[in-house]
Amino acid sequence: MLSLQLKTGDYMTIGEDVVVQLDHISGDRCKLMVQAPREMAILRGEVLERTGGERPECVVDGPRRHRQEVVWNRGKTQALNTIRLLLGQMDGADPDVKALRRQLEFIFPPEFAPSETAYAPK
């Protein structure tokens, strides 16, 4: 299978009668425009498979639709550890601090990110 990288506005031709152009990219989606003869069937893969067609062997599984991967880096790990450190230094009897800690642990369980040394601002 041929793999191409296109920029917005770039196009490619298939044979003499088919033109495919990348219109725009938004997040994890792109809009392609296809010009082809009316007698040529063009189906999205999900429609082909839903109607009983076979998935071509050359198709590579991509990320699931609408799935957003969390990009985790050292800076975010340090910031999260700093928040935990500062919450630990606050009055543990204060119900607002306890509630804030519960929310933090719900969103980011301690095992969510690898442990690294926290950065404490001066």
# chains A, B, ... in the order shown; residues from 1 in each chain; ligands from 1
>>> select_by_dssp(residues="chain A", states="alpha helix (DSSP H)", output="PyMOL selection string")
chain A and resi 45-50+74-89+95-107
>>> select_by_dssp(residues="chain A", states="strand (DSSP E or B)", output="number ranges by chain")
A: 11-14, 18-26, 29-35
>>> residues_around(residues="A:Gly15", least_positions_apart="3", cutoff="12 Å", atoms="only C-alpha atoms", output="list in words")
Met12, Val18, Val19, Val20, Gln35, Ala36 and Pro37 of chain A
>>> write_last_selection(atoms="C-alpha atoms", output="mmCIF file, in the first residue's frame")
data_model
loop_
_atom_site.group_PDB
_atom_site.id
_atom_site.type_symbol
_atom_site.label_atom_id
_atom_site.label_comp_id
_atom_site.auth_asym_id
_atom_site.auth_seq_id
_atom_site.Cartn_x
_atom_site.Cartn_y
_atom_site.Cartn_z
ATOM 1 C CA MET A 12 -3.259 13.238 -5.758
ATOM 2 C CA VAL A 18 -9.913 10.308 -9.990
ATOM 3 C CA VAL A 19 -8.624 13.278 -7.970
ATOM 4 C CA VAL A 20 -8.341 13.236 -4.161
ATOM 5 C CA GLN A 35 -13.759 13.662 -7.747
ATOM 6 C CA ALA A 36 -14.479 10.463 -9.642
ATOM 7 C CA PRO A 37 -16.843 9.221 -12.347
#
>>> atom_distance(atom1="atom CA of A:Cys30", atom2="atom CA of A:Lys76")
28.7 Å
>>> closest_residue(among="A:Thr13, A:Thr8, A:Gln103, A:Asn81", to="A:Ser26", atoms="only C-alpha atoms")
A:Thr8
>>> residues_around(residues="A:Leu87", least_positions_apart="3", cutoff="8 Å", atoms="only C-alpha atoms", output="PyMOL selection string")
chain A and resi 83-84+90+97+101
>>> closest_residue(among="A:Thr77, A:Leu2, A:Pro109, A:Gln89", to="A:Ile14", atoms="only C-alpha atoms")
A:Leu2
